[in-house]
Each structure stands twice: as structure tokens, then as C-alpha cells.
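Trainee: So here's query.txt, just compact mmCIF, N, CA and C atoms:
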```
# COMPACT_ATOMS: atom_id res chain seq x y z
N MET A 1395 0.84 -1.18 0.00
CA MET A 1395 0.00 0.00 0.00
C MET A 1395 0.88 1.24 0.00
N GLN A 1396 0.41 2.25 -0.74
CA GLN A 1396 1.09 3.54 -0.77
C GLN A 1396 0.16 4.60 -0.18
N TYR A 1397 0.75 5.73 0.18
CA TYR A 1397 0.01 6.82 0.81
C TYR A 1397 0.28 8.11 0.04
N TRP A 1398 -0.73 8.98 0.02
CA TRP A 1398 -0.68 10.17 -0.82
C TRP A 1398 -1.29 11.36 -0.11
N ILE A 1399 -0.98 12.54 -0.61
CA ILE A 1399 -1.67 13.78 -0.24
C ILE A 1399 -2.36 14.27 -1.51
N LEU A 1400 -3.62 14.60 -1.42
CA LEU A 1400 -4.37 15.21 -2.52
C LEU A 1400 -4.80 16.60 -2.06
N LYS A 1401 -4.33 17.62 -2.77
CA LYS A 1401 -4.69 18.99 -2.42
C LYS A 1401 -5.91 19.43 -3.21
N THR A 1402 -6.77 20.16 -2.52
CA THR A 1402 -7.95 20.71 -3.17
C THR A 1402 -8.25 22.09 -2.59
N GLU A 1403 -8.93 22.88 -3.36
CA GLU A 1403 -9.44 24.15 -2.86
C GLU A 1403 -10.88 23.89 -2.42
N PRO A 1404 -11.17 24.10 -1.14
CA PRO A 1404 -12.51 23.73 -0.64
C PRO A 1404 -13.65 24.47 -1.32
N THR A 1405 -13.39 25.64 -1.90
CA THR A 1405 -14.46 26.34 -2.60
C THR A 1405 -14.76 25.68 -3.95
N THR A 1406 -13.81 24.89 -4.45
CA THR A 1406 -14.01 24.15 -5.69
C THR A 1406 -14.60 22.76 -5.40
N TYR A 1407 -13.94 22.02 -4.49
CA TYR A 1407 -14.42 20.70 -4.09
C TYR A 1407 -13.79 20.37 -2.74
N SER A 1408 -14.61 20.32 -1.72
CA SER A 1408 -14.11 20.11 -0.35
C SER A 1408 -14.23 18.63 0.05
N PHE A 1409 -13.60 18.31 1.17
CA PHE A 1409 -13.75 16.96 1.71
C PHE A 1409 -15.21 16.70 2.08
N GLN A 1410 -15.91 17.72 2.56
CA GLN A 1410 -17.33 17.56 2.87
C GLN A 1410 -18.13 17.22 1.62
N ASP A 1411 -17.74 17.80 0.47
CA ASP A 1411 -18.38 17.44 -0.79
C ASP A 1411 -18.16 15.96 -1.09
N LEU A 1412 -16.95 15.48 -0.85
CA LEU A 1412 -16.64 14.06 -1.08
C LEU A 1412 -17.46 13.18 -0.15
N MET A 1413 -17.59 13.58 1.11
CA MET A 1413 -18.41 12.81 2.05
C MET A 1413 -19.85 12.72 1.56
N ARG A 1414 -20.37 13.83 1.07
CA ARG A 1414 -21.75 13.88 0.56
C ARG A 1414 -21.88 13.00 -0.69
N ASP A 1415 -20.92 13.10 -1.62
CA ASP A 1415 -21.01 12.42 -2.91
C ASP A 1415 -20.68 10.93 -2.82
N LYS A 1416 -19.93 10.51 -1.81
CA LYS A 1416 -19.52 9.11 -1.60
C LYS A 1416 -18.43 8.63 -2.56
N LYS A 1417 -18.21 9.34 -3.65
CA LYS A 1417 -17.18 8.97 -4.62
C LYS A 1417 -17.06 10.13 -5.61
N THR A 1418 -15.83 10.33 -6.12
CA THR A 1418 -15.65 11.36 -7.14
C THR A 1418 -14.48 11.03 -8.05
N VAL A 1419 -14.48 11.68 -9.19
CA VAL A 1419 -13.35 11.63 -10.12
C VAL A 1419 -12.38 12.71 -9.66
N TRP A 1420 -11.12 12.34 -9.44
CA TRP A 1420 -10.08 13.31 -9.09
C TRP A 1420 -9.37 13.67 -10.37
N ASP A 1421 -9.79 14.77 -10.98
CA ASP A 1421 -9.28 15.16 -12.29
C ASP A 1421 -8.78 16.59 -12.26
N GLY A 1422 -8.40 17.10 -13.41
CA GLY A 1422 -7.97 18.49 -13.51
C GLY A 1422 -6.51 18.71 -13.15
N VAL A 1423 -5.76 17.66 -12.88
CA VAL A 1423 -4.34 17.81 -12.55
C VAL A 1423 -3.56 18.13 -13.82
N ARG A 1424 -2.83 19.26 -13.80
CA ARG A 1424 -2.12 19.70 -15.00
C ARG A 1424 -0.65 19.99 -14.71
N ASN A 1425 -0.04 19.09 -13.97
CA ASN A 1425 1.39 19.15 -13.66
C ASN A 1425 1.92 17.75 -13.92
N PHE A 1426 3.04 17.65 -14.64
CA PHE A 1426 3.53 16.33 -15.04
C PHE A 1426 3.92 15.45 -13.85
N GLN A 1427 4.56 16.02 -12.84
CA GLN A 1427 4.94 15.22 -11.68
C GLN A 1427 3.70 14.74 -10.92
N ALA A 1428 2.72 15.63 -10.75
CA ALA A 1428 1.47 15.24 -10.07
C ALA A 1428 0.74 14.19 -10.89
N ARG A 1429 0.72 14.36 -12.23
CA ARG A 1429 0.08 13.36 -13.10
C ARG A 1429 0.74 12.00 -12.94
N ASN A 1430 2.06 11.99 -12.90
CA ASN A 1430 2.78 10.72 -12.74
C ASN A 1430 2.48 10.10 -11.38
N ASN A 1431 2.29 10.93 -10.36
CA ASN A 1431 1.89 10.41 -9.05
C ASN A 1431 0.50 9.79 -9.12
N LEU A 1432 -0.43 10.42 -9.84
CA LEU A 1432 -1.75 9.82 -10.04
C LEU A 1432 -1.62 8.46 -10.70
N ARG A 1433 -0.76 8.37 -11.70
CA ARG A 1433 -0.59 7.12 -12.44
C ARG A 1433 0.06 6.02 -11.59
N ALA A 1434 0.75 6.40 -10.53
CA ALA A 1434 1.38 5.42 -9.64
C ALA A 1434 0.41 4.89 -8.59
N MET A 1435 -0.73 5.51 -8.44
CA MET A 1435 -1.70 5.09 -7.43
C MET A 1435 -2.31 3.74 -7.79
N LYS A 1436 -2.54 2.96 -6.76
CA LYS A 1436 -3.17 1.65 -6.91
C LYS A 1436 -4.47 1.62 -6.13
N GLU A 1437 -5.40 0.84 -6.62
CA GLU A 1437 -6.67 0.68 -5.91
C GLU A 1437 -6.39 0.23 -4.48
N GLY A 1438 -7.01 0.89 -3.52
CA GLY A 1438 -6.80 0.57 -2.11
C GLY A 1438 -5.81 1.48 -1.40
N ASP A 1439 -4.98 2.20 -2.16
CA ASP A 1439 -4.08 3.18 -1.54
C ASP A 1439 -4.91 4.21 -0.79
N LEU A 1440 -4.31 4.81 0.23
CA LEU A 1440 -4.99 5.84 1.01
C LEU A 1440 -4.40 7.21 0.70
N ALA A 1441 -5.26 8.21 0.72
CA ALA A 1441 -4.84 9.58 0.43
C ALA A 1441 -5.41 10.53 1.48
N VAL A 1442 -4.57 11.38 2.00
CA VAL A 1442 -4.99 12.43 2.90
C VAL A 1442 -5.46 13.60 2.05
N VAL A 1443 -6.65 14.09 2.31
CA VAL A 1443 -7.18 15.24 1.58
C VAL A 1443 -6.80 16.50 2.34
N TYR A 1444 -6.11 17.38 1.63
CA TYR A 1444 -5.57 18.62 2.20
C TYR A 1444 -6.25 19.79 1.52
N GLU A 1445 -6.92 20.61 2.30
CA GLU A 1445 -7.59 21.79 1.75
C GLU A 1445 -6.62 22.96 1.80
N SER A 1446 -6.27 23.48 0.61
CA SER A 1446 -5.17 24.42 0.47
C SER A 1446 -5.56 25.89 0.58
N VAL A 1447 -6.80 26.16 0.85
CA VAL A 1447 -7.26 27.54 1.02
C VAL A 1447 -7.98 27.62 2.35
N GLY A 1448 -7.85 28.75 3.01
CA GLY A 1448 -8.44 28.88 4.34
C GLY A 1448 -7.41 28.48 5.37
N PRO A 1449 -7.74 27.55 6.25
CA PRO A 1449 -6.77 27.18 7.27
C PRO A 1449 -5.59 26.35 6.76
N LYS A 1450 -5.61 25.94 5.51
CA LYS A 1450 -4.55 25.09 4.94
C LYS A 1450 -4.29 23.90 5.86
N ALA A 1451 -5.12 22.86 5.70
CA ALA A 1451 -5.05 21.75 6.64
C ALA A 1451 -5.49 20.44 6.00
N ALA A 1452 -4.91 19.36 6.52
CA ALA A 1452 -5.38 18.00 6.20
C ALA A 1452 -6.67 17.80 6.97
N VAL A 1453 -7.73 17.37 6.26
CA VAL A 1453 -9.05 17.30 6.90
C VAL A 1453 -9.70 15.92 6.82
N GLY A 1454 -9.19 15.03 5.96
CA GLY A 1454 -9.83 13.74 5.83
C GLY A 1454 -8.96 12.73 5.11
N VAL A 1455 -9.45 11.50 5.08
CA VAL A 1455 -8.76 10.40 4.41
C VAL A 1455 -9.69 9.83 3.35
N ALA A 1456 -9.14 9.57 2.18
CA ALA A 1456 -9.89 8.95 1.09
C ALA A 1456 -9.14 7.71 0.62
N LYS A 1457 -9.85 6.86 -0.11
CA LYS A 1457 -9.26 5.65 -0.67
C LYS A 1457 -9.33 5.73 -2.18
N ILE A 1458 -8.28 5.25 -2.83
CA ILE A 1458 -8.29 5.17 -4.29
C ILE A 1458 -9.17 3.97 -4.65
N VAL A 1459 -10.22 4.23 -5.44
CA VAL A 1459 -11.15 3.15 -5.80
C VAL A 1459 -11.10 2.80 -7.29
N ALA A 1460 -10.42 3.62 -8.09
CA ALA A 1460 -10.18 3.30 -9.50
C ALA A 1460 -8.84 3.90 -9.89
N GLU A 1461 -7.98 3.08 -10.46
CA GLU A 1461 -6.65 3.52 -10.85
C GLU A 1461 -6.72 4.47 -12.04
N ALA A 1462 -5.58 5.07 -12.34
CA ALA A 1462 -5.50 6.13 -13.35
C ALA A 1462 -6.09 5.73 -14.70
N TYR A 1463 -6.82 6.68 -15.25
CA TYR A 1463 -7.39 6.56 -16.59
C TYR A 1463 -7.38 7.95 -17.22
N GLN A 1464 -7.70 8.02 -18.49
CA GLN A 1464 -7.70 9.30 -19.21
C GLN A 1464 -8.62 10.30 -18.52
N ASP A 1465 -8.10 11.49 -18.24
CA ASP A 1465 -8.91 12.55 -17.65
C ASP A 1465 -10.05 12.86 -18.62
N PRO A 1466 -11.30 12.70 -18.18
CA PRO A 1466 -12.43 12.90 -19.09
C PRO A 1466 -12.65 14.35 -19.52
N LYS A 1467 -11.97 15.29 -18.89
CA LYS A 1467 -12.15 16.69 -19.22
C LYS A 1467 -11.21 17.19 -20.32
N THR A 1468 -10.35 16.31 -20.83
CA THR A 1468 -9.41 16.73 -21.86
C THR A 1468 -9.05 15.55 -22.75
N LYS A 1469 -8.64 15.86 -23.97
CA LYS A 1469 -8.14 14.81 -24.88
C LYS A 1469 -6.63 14.72 -24.81
N GLU A 1470 -5.99 15.66 -24.10
CA GLU A 1470 -4.55 15.63 -23.92
C GLU A 1470 -4.18 14.52 -22.95
N ASN A 1471 -2.89 14.25 -22.82
CA ASN A 1471 -2.39 13.12 -22.06
C ASN A 1471 -2.34 13.40 -20.55
N TRP A 1472 -3.52 13.56 -19.93
CA TRP A 1472 -3.64 13.77 -18.50
C TRP A 1472 -4.47 12.64 -17.90
N SER A 1473 -4.30 12.42 -16.61
CA SER A 1473 -4.96 11.29 -15.95
C SER A 1473 -5.87 11.73 -14.83
N ALA A 1474 -6.74 10.82 -14.45
CA ALA A 1474 -7.64 11.00 -13.31
C ALA A 1474 -7.71 9.67 -12.56
N VAL A 1475 -8.13 9.72 -11.32
CA VAL A 1475 -8.43 8.53 -10.52
C VAL A 1475 -9.78 8.76 -9.86
N ASP A 1476 -10.37 7.70 -9.35
CA ASP A 1476 -11.59 7.82 -8.56
C ASP A 1476 -11.23 7.61 -7.11
N ILE A 1477 -11.84 8.43 -6.24
CA ILE A 1477 -11.61 8.29 -4.81
C ILE A 1477 -12.95 8.23 -4.08
N ALA A 1478 -12.91 7.64 -2.89
CA ALA A 1478 -14.08 7.57 -2.01
C ALA A 1478 -13.62 7.96 -0.61
N PRO A 1479 -14.50 8.57 0.17
CA PRO A 1479 -14.10 8.97 1.53
C PRO A 1479 -13.94 7.76 2.45
N VAL A 1480 -12.99 7.87 3.35
CA VAL A 1480 -12.81 6.87 4.40
C VAL A 1480 -13.29 7.46 5.73
N LYS A 1481 -12.73 8.63 6.07
CA LYS A 1481 -13.14 9.28 7.32
C LYS A 1481 -12.65 10.72 7.34
N ALA A 1482 -13.38 11.54 8.06
CA ALA A 1482 -12.92 12.88 8.36
C ALA A 1482 -11.94 12.77 9.52
N LEU A 1483 -10.93 13.61 9.53
CA LEU A 1483 -10.00 13.61 10.65
C LEU A 1483 -10.68 14.25 11.86
N LYS A 1484 -10.41 13.70 13.03
CA LYS A 1484 -11.02 14.22 14.27
C LYS A 1484 -10.67 15.70 14.44
N THR A 1485 -9.43 16.04 14.18
CA THR A 1485 -8.95 17.42 14.24
C THR A 1485 -8.15 17.69 12.97
N ALA A 1486 -8.41 18.79 12.31
CA ALA A 1486 -7.63 19.15 11.13
C ALA A 1486 -6.18 19.35 11.53
N VAL A 1487 -5.27 18.94 10.65
CA VAL A 1487 -3.84 19.12 10.88
C VAL A 1487 -3.37 20.22 9.93
N THR A 1488 -3.04 21.38 10.51
CA THR A 1488 -2.69 22.53 9.69
C THR A 1488 -1.26 22.41 9.14
N LEU A 1489 -0.99 23.23 8.15
CA LEU A 1489 0.36 23.28 7.59
C LEU A 1489 1.35 23.68 8.67
N ASP A 1490 0.98 24.62 9.54
CA ASP A 1490 1.87 25.00 10.63
C ASP A 1490 2.14 23.83 11.57
N ASP A 1491 1.10 23.00 11.84
CA ASP A 1491 1.29 21.79 12.66
C ASP A 1491 2.31 20.86 11.99
N MET A 1492 2.18 20.71 10.69
CA MET A 1492 3.08 19.83 9.95
C MET A 1492 4.52 20.35 10.00
N LYS A 1493 4.68 21.65 9.79
CA LYS A 1493 6.02 22.25 9.80
C LYS A 1493 6.69 22.12 11.16
N ALA A 1494 5.90 22.07 12.23
CA ALA A 1494 6.42 22.01 13.59
C ALA A 1494 6.72 20.58 14.05
N ASP A 1495 6.27 19.58 13.29
CA ASP A 1495 6.43 18.17 13.68
C ASP A 1495 7.68 17.58 13.04
N LYS A 1496 8.49 16.87 13.82
CA LYS A 1496 9.77 16.36 13.31
C LYS A 1496 9.60 15.33 12.18
N ILE A 1497 8.49 14.65 12.13
CA ILE A 1497 8.25 13.67 11.05
C ILE A 1497 7.54 14.33 9.87
N LEU A 1498 6.52 15.11 10.15
CA LEU A 1498 5.69 15.70 9.09
C LEU A 1498 6.40 16.82 8.33
N LYS A 1499 7.36 17.48 8.95
CA LYS A 1499 8.03 18.60 8.28
C LYS A 1499 8.81 18.16 7.05
N ASN A 1500 9.06 16.87 6.91
CA ASN A 1500 9.79 16.35 5.75
C ASN A 1500 8.88 15.87 4.63
N MET A 1501 7.58 16.01 4.78
CA MET A 1501 6.65 15.58 3.73
C MET A 1501 6.84 16.43 2.48
N SER A 1502 6.60 15.82 1.34
CA SER A 1502 6.71 16.55 0.08
C SER A 1502 5.72 17.72 0.04
N LEU A 1503 4.60 17.63 0.72
CA LEU A 1503 3.64 18.73 0.78
C LEU A 1503 4.29 19.98 1.36
N VAL A 1504 5.13 19.80 2.36
CA VAL A 1504 5.80 20.93 3.01
C VAL A 1504 6.95 21.43 2.13
N LYS A 1505 7.67 20.51 1.52
CA LYS A 1505 8.85 20.88 0.74
C LYS A 1505 8.52 21.33 -0.69
N GLN A 1506 7.45 20.81 -1.26
CA GLN A 1506 7.02 21.17 -2.61
C GLN A 1506 5.56 21.61 -2.54
N SER A 1507 5.33 22.74 -1.95
CA SER A 1507 3.96 23.14 -1.61
C SER A 1507 3.05 23.35 -2.82
N ARG A 1508 3.60 23.52 -3.99
CA ARG A 1508 2.75 23.76 -5.16
C ARG A 1508 2.29 22.46 -5.83
N LEU A 1509 2.84 21.32 -5.44
CA LEU A 1509 2.48 20.05 -6.05
C LEU A 1509 1.16 19.54 -5.48
N SER A 1510 0.19 19.27 -6.35
CA SER A 1510 -1.17 18.94 -5.90
C SER A 1510 -1.39 17.46 -5.57
N VAL A 1511 -0.51 16.60 -6.01
CA VAL A 1511 -0.59 15.17 -5.69
C VAL A 1511 0.80 14.73 -5.28
N CYS A 1512 0.95 14.36 -3.99
CA CYS A 1512 2.27 14.05 -3.44
C CYS A 1512 2.26 12.70 -2.74
N PRO A 1513 3.33 11.94 -2.89
CA PRO A 1513 3.45 10.73 -2.08
C PRO A 1513 3.89 11.09 -0.66
N ILE A 1514 3.48 10.29 0.30
CA ILE A 1514 4.00 10.39 1.66
C ILE A 1514 4.33 8.98 2.13
N THR A 1515 5.19 8.88 3.12
CA THR A 1515 5.58 7.57 3.63
C THR A 1515 4.52 7.05 4.60
N LYS A 1516 4.59 5.77 4.87
CA LYS A 1516 3.69 5.17 5.85
C LYS A 1516 3.88 5.83 7.21
N GLU A 1517 5.12 6.10 7.58
CA GLU A 1517 5.41 6.76 8.86
C GLU A 1517 4.76 8.15 8.90
N GLN A 1518 4.85 8.91 7.81
CA GLN A 1518 4.24 10.24 7.77
C GLN A 1518 2.72 10.14 7.85
N TYR A 1519 2.15 9.18 7.12
CA TYR A 1519 0.70 8.98 7.17
C TYR A 1519 0.26 8.66 8.60
N GLU A 1520 0.93 7.69 9.23
CA GLU A 1520 0.56 7.28 10.58
C GLU A 1520 0.73 8.43 11.58
N ARG A 1521 1.78 9.23 11.41
CA ARG A 1521 1.99 10.37 12.31
C ARG A 1521 0.90 11.42 12.11
N LEU A 1522 0.52 11.66 10.88
CA LEU A 1522 -0.53 12.63 10.59
C LEU A 1522 -1.85 12.20 11.25
N ILE A 1523 -2.17 10.93 11.15
CA ILE A 1523 -3.38 10.41 11.78
C ILE A 1523 -3.29 10.53 13.30
N GLU A 1524 -2.11 10.27 13.84
CA GLU A 1524 -1.87 10.40 15.28
C GLU A 1524 -2.08 11.84 15.74
N VAL A 1525 -1.51 12.79 15.01
CA VAL A 1525 -1.66 14.21 15.36
C VAL A 1525 -3.14 14.61 15.28
N ALA A 1526 -3.83 14.14 14.26
CA ALA A 1526 -5.25 14.46 14.08
C ALA A 1526 -6.11 13.90 15.21
N SER A 1527 -5.66 12.81 15.81
CA SER A 1527 -6.44 12.21 16.91
C SER A 1527 -6.09 12.82 18.26
N GLY A 1528 -5.16 13.77 18.27
CA GLY A 1528 -4.82 14.48 19.50
C GLY A 1528 -3.71 13.87 20.31
N LYS A 1529 -2.98 12.94 19.72
CA LYS A 1529 -1.88 12.28 20.46
C LYS A 1529 -0.56 13.00 20.26
```
Taking this structure as input, can you express it in the form of C-alpha cells?
Mentor:
Amino acid sequence: MQYWILKTEPTTYSFQDLMRDKKTVWDGVRNFQARNNLRAMKEGDLAVVYESVGPKAAVGVAKIVAEAYQDPKTKENWSAVDIAPVKALKTAVTLDDMKADKILKNMSLVKQSRLSVCPITKEQYERLIEVASGK
């Protein structure tokens, strides 16, 4: 299993929208590195949903339910995946929280803040969940 960060602008599509919809197409990625990360995702992988506007925080966990396929919004060589919600985080984990944590500060989200789809390690994922649960 692999772990990921998916960034979204909550005014465009929030984690609450995903909870309501039960499943969505994660499309519109127009960066080659992020596209390649989408293509590396496997069904069952987990992704932390990070809302990049407002408090800038990780707010929920989603599961990859369909591996990469042609982005339906373009004929160019871009990809999309399908995701479904797993759970909302008990407490949002802000970017400042991540920067202050010895494990989370090394996440690609912190180091490459403009990348919308980032891999994270199992240790980083587990620490993020731990911080969100108040531990």
C-alpha cells in the first residue's frame, strides 16, 4: 500500500463534498509530476485530503477506488483517478502543525507546496493520523 496527499481548494471541491457524494473523479491535474503520481496510485491506496485555502489543513482520508485513466475533461495526455471517503480527521492538521512536527516537516507537501498530488511515507501517514487524533 502507498500513501498520498491530494490537495484541493474547498471552494471548488471540499472533503465535505466528497463525504456527501460518496465517490468522485479526481481530475484536472495539470502538472507532469502530479500526473505521474496519479498514475502510480493503486486501488486501495490511502490519500490524505488537504484543503489548500483557508486554514490550509489536512481534513480527511480517502481511498483510491479506480486507478489512473484518461482525464475525461481533456483529450490531452492527463490522468484521473476515482476516490471515495474513508473518514474525516477528528482534528484538522494545519500546515503550521506539519512544519512544527519532526516527522511531518519532511513531507513533500511541506517541501514542494505547489504540487497537488504528493506521495508520503507510511510513517508520515501514521503520524498525521496520530496528530489528528490528538496524540
Trainee: Using only N, CA and C atoms, find all polymer residues with an atom at most 7 Å away from the point (3.8, 8.6, 0.4); report them as a list in words.
Mentor: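 Output: Gln1396, Tyr1397, Trp1398, Ile1399, Cys1512, Pro1513, Ile1514, Thr1515, Lys1516 and Tyr1519 of chain A.
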Trainee: State, in Å with one decimal place, the distance from CA of Met1395 (chain A) to CA of Ala1434 (chain A).
Mentor: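 Between CA of Met1395 (chain A) and CA of Ala1434 (chain A) the gap is 11.1 Å.
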Trainee: Pick out the closest residue to Pro1479 (chain A) from this set: A:Gly1448, A:Gly1438, A:Gly1454, A:Pro1466. Count only C-alpha atoms.
Mentor: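 Using only C-alpha atoms, the shortest distance to Pro1479 (chain A) belongs to A:Gly1454.
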Trainee: Can you tell me how far CA of Gly1422 (chain A) sits from CA of Arg1508 (chain A), in Å to one decimal?
Mentor: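 Computing the Euclidean distance for CA of Gly1422 (chain A) and CA of Arg1508 (chain A) yields 14.6 Å.
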Trainee: Between A:Ser1510, A:Asp1411, A:Thr1488, A:Trp1420, which residue has the minimum interatomic distance to Ala1452 (chain A), considering all atoms listed in the file?
Mentor: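 Among the listed residues, the smallest separation from Ala1452 (chain A) belongs to A:Thr1488.
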Trainee: Go ahead and compute the interatomic distance for atom C of Ala1482 (chain A) and atom N of Met1501 (chain A), in Å to one decimal.
Mentor: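 Atom-to-atom, atom C of Ala1482 (chain A) and atom N of Met1501 (chain A) are spaced 20.3 Å apart.
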Trainee: Just the residues within 7 Å of Ala1478 (chain A), please, counting all atoms listed in the file, with nothing from its chain fewer than 5 positions along; format it as a VMD selection string.
Mentor: chain A and resid 1412 1416 to 1418 1455 to 1459
Trainee: Could you go through chain A and tell me which residues DSSP, when run on the backbone, assigns to strand (DSSP E), listing them as a short mmCIF file (atom, residue, chain, number, x, y, z; two decimals) with N, CA and C atoms, in the frame of the given file?
Mentor:
```cif
data_model
loop_
_atom_site.label_atom_id
_atom_site.label_comp_id
_atom_site.auth_asym_id
_atom_site.auth_seq_id
_atom_site.Cartn_x
_atom_site.Cartn_y
_atom_site.Cartn_z
N TYR A 1397 0.75 5.73 0.18
CA TYR A 1397 0.01 6.82 0.81
C TYR A 1397 0.28 8.11 0.04
N TRP A 1398 -0.73 8.98 0.02
CA TRP A 1398 -0.68 10.17 -0.82
C TRP A 1398 -1.29 11.36 -0.11
N ILE A 1399 -0.98 12.54 -0.61
CA ILE A 1399 -1.67 13.78 -0.24
C ILE A 1399 -2.36 14.27 -1.51
N LEU A 1400 -3.62 14.60 -1.42
CA LEU A 1400 -4.37 15.21 -2.52
C LEU A 1400 -4.80 16.60 -2.06
N LYS A 1401 -4.33 17.62 -2.77
CA LYS A 1401 -4.69 18.99 -2.42
C LYS A 1401 -5.91 19.43 -3.21
N THR A 1402 -6.77 20.16 -2.52
CA THR A 1402 -7.95 20.71 -3.17
C THR A 1402 -8.25 22.09 -2.59
N THR A 1418 -15.83 10.33 -6.12
CA THR A 1418 -15.65 11.36 -7.14
C THR A 1418 -14.48 11.03 -8.05
N VAL A 1419 -14.48 11.68 -9.19
CA VAL A 1419 -13.35 11.63 -10.12
C VAL A 1419 -12.38 12.71 -9.66
N TRP A 1420 -11.12 12.34 -9.44
CA TRP A 1420 -10.08 13.31 -9.09
C TRP A 1420 -9.37 13.67 -10.37
N LEU A 1440 -4.31 4.81 0.23
CA LEU A 1440 -4.99 5.84 1.01
C LEU A 1440 -4.40 7.21 0.70
N ALA A 1441 -5.26 8.21 0.72
CA ALA A 1441 -4.84 9.58 0.43
C ALA A 1441 -5.41 10.53 1.48
N VAL A 1442 -4.57 11.38 2.00
CA VAL A 1442 -4.99 12.43 2.90
C VAL A 1442 -5.46 13.60 2.05
N VAL A 1443 -6.65 14.09 2.31
CA VAL A 1443 -7.18 15.24 1.58
C VAL A 1443 -6.80 16.50 2.34
N TYR A 1444 -6.11 17.38 1.63
CA TYR A 1444 -5.57 18.62 2.20
C TYR A 1444 -6.25 19.79 1.52
N GLU A 1445 -6.92 20.61 2.30
CA GLU A 1445 -7.59 21.79 1.75
C GLU A 1445 -6.62 22.96 1.80
N ALA A 1451 -5.12 22.86 5.70
CA ALA A 1451 -5.05 21.75 6.64
C ALA A 1451 -5.49 20.44 6.00
N ALA A 1452 -4.91 19.36 6.52
CA ALA A 1452 -5.38 18.00 6.20
C ALA A 1452 -6.67 17.80 6.97
N VAL A 1453 -7.73 17.37 6.26
CA VAL A 1453 -9.05 17.30 6.90
C VAL A 1453 -9.70 15.92 6.82
N GLY A 1454 -9.19 15.03 5.96
CA GLY A 1454 -9.83 13.74 5.83
C GLY A 1454 -8.96 12.73 5.11
N VAL A 1455 -9.45 11.50 5.08
CA VAL A 1455 -8.76 10.40 4.41
C VAL A 1455 -9.69 9.83 3.35
N ALA A 1456 -9.14 9.57 2.18
CA ALA A 1456 -9.89 8.95 1.09
C ALA A 1456 -9.14 7.71 0.62
N LYS A 1457 -9.85 6.86 -0.11
CA LYS A 1457 -9.26 5.65 -0.67
C LYS A 1457 -9.33 5.73 -2.18
N ILE A 1458 -8.28 5.25 -2.83
CA ILE A 1458 -8.29 5.17 -4.29
C ILE A 1458 -9.17 3.97 -4.65
N VAL A 1459 -10.22 4.23 -5.44
CA VAL A 1459 -11.15 3.15 -5.80
C VAL A 1459 -11.10 2.80 -7.29
N ALA A 1460 -10.42 3.62 -8.09
CA ALA A 1460 -10.18 3.30 -9.50
C ALA A 1460 -8.84 3.90 -9.89
N GLU A 1461 -7.98 3.08 -10.46
CA GLU A 1461 -6.65 3.52 -10.85
C GLU A 1461 -6.72 4.47 -12.04
N ALA A 1462 -5.58 5.07 -12.34
CA ALA A 1462 -5.50 6.13 -13.35
C ALA A 1462 -6.09 5.73 -14.70
N TYR A 1463 -6.82 6.68 -15.25
CA TYR A 1463 -7.39 6.56 -16.59
C TYR A 1463 -7.38 7.95 -17.22
N GLN A 1464 -7.70 8.02 -18.49
CA GLN A 1464 -7.70 9.30 -19.21
C GLN A 1464 -8.62 10.30 -18.52
N SER A 1473 -4.30 12.42 -16.61
CA SER A 1473 -4.96 11.29 -15.95
C SER A 1473 -5.87 11.73 -14.83
N ALA A 1474 -6.74 10.82 -14.45
CA ALA A 1474 -7.64 11.00 -13.31
C ALA A 1474 -7.71 9.67 -12.56
N VAL A 1475 -8.13 9.72 -11.32
CA VAL A 1475 -8.43 8.53 -10.52
C VAL A 1475 -9.78 8.76 -9.86
N ASP A 1476 -10.37 7.70 -9.35
CA ASP A 1476 -11.59 7.82 -8.56
C ASP A 1476 -11.23 7.61 -7.11
N ILE A 1477 -11.84 8.43 -6.24
CA ILE A 1477 -11.61 8.29 -4.81
C ILE A 1477 -12.95 8.23 -4.08
N ALA A 1478 -12.91 7.64 -2.89
CA ALA A 1478 -14.08 7.57 -2.01
C ALA A 1478 -13.62 7.96 -0.61
N PRO A 1479 -14.50 8.57 0.17
CA PRO A 1479 -14.10 8.97 1.53
C PRO A 1479 -13.94 7.76 2.45
N VAL A 1480 -12.99 7.87 3.35
CA VAL A 1480 -12.81 6.87 4.40
C VAL A 1480 -13.29 7.46 5.73
N LYS A 1481 -12.73 8.63 6.07
CA LYS A 1481 -13.14 9.28 7.32
C LYS A 1481 -12.65 10.72 7.34
N ALA A 1482 -13.38 11.54 8.06
CA ALA A 1482 -12.92 12.88 8.36
C ALA A 1482 -11.94 12.77 9.52
N LEU A 1483 -10.93 13.61 9.53
CA LEU A 1483 -10.00 13.61 10.65
C LEU A 1483 -10.68 14.25 11.86
N LYS A 1484 -10.41 13.70 13.03
CA LYS A 1484 -11.02 14.22 14.27
C LYS A 1484 -10.67 15.70 14.44
N THR A 1485 -9.43 16.04 14.18
CA THR A 1485 -8.95 17.42 14.24
C THR A 1485 -8.15 17.69 12.97
N ALA A 1486 -8.41 18.79 12.31
CA ALA A 1486 -7.63 19.15 11.13
C ALA A 1486 -6.18 19.35 11.53
N VAL A 1487 -5.27 18.94 10.65
CA VAL A 1487 -3.84 19.12 10.88
C VAL A 1487 -3.37 20.22 9.93
N THR A 1488 -3.04 21.38 10.51
CA THR A 1488 -2.69 22.53 9.69
C THR A 1488 -1.26 22.41 9.14
N VAL A 1511 -0.51 16.60 -6.01
CA VAL A 1511 -0.59 15.17 -5.69
C VAL A 1511 0.80 14.73 -5.28
N CYS A 1512 0.95 14.36 -3.99
CA CYS A 1512 2.27 14.05 -3.44
C CYS A 1512 2.26 12.70 -2.74
N PRO A 1513 3.33 11.94 -2.89
CA PRO A 1513 3.45 10.73 -2.08
C PRO A 1513 3.89 11.09 -0.66
N ILE A 1514 3.48 10.29 0.30
CA ILE A 1514 4.00 10.39 1.66
C ILE A 1514 4.33 8.98 2.13
#
```
Trainee: Pick out the closest residue to Asn1430 (chain A) from this set: A:Val1443, A:Leu1503, A:Val1511, A:Val1525. Count all atoms listed in the file.
Mentor: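 Selected residue with least distance to Asn1430 (chain A): A:Val1511.
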Trainee: Counting all atoms listed in the file, figure out which residue out of A:Val1453, A:Ala1460, A:Leu1432, A:Met1413 gets nearest to Lys1484 (chain A).
Mentor: A:Val1453
Trainee: Would you mind listing what lies within 8 Å of Ser1408 (chain A) as a VMD selection string, with all atoms listed in the file counted and same-chain residues fewer than 6 positions away left out?
Mentor: chain A and resid 1402 1414 1443 1445
Trainee: In chain A, what's helix (DSSP H, G or I) per DSSP? Answer as a PyMOL selection string?
Mentor: chain A and resi 1409-1415+1426-1434+1489-1494+1498-1500+1502-1505+1516-1526
Trainee: Around region 1438-1449 of chain A, fit a box with edges along x, y and z, padding it by 8 Å on each side, then list its centre and edge lengths in Å to one decimal as JSON.
Mentor:
```
{"center_x": -6.3, "center_y": 14.7, "center_z": 1.9, "size_x": 20.4, "size_y": 44.3, "size_z": 26.8}
```
Trainee: So, counting all atoms listed in the file, which residue among A:Val1419, A:Pro1449, A:Asp1490, A:Gln1410 is closest to Ile1477 (chain A)?
Mentor: A:Val1419
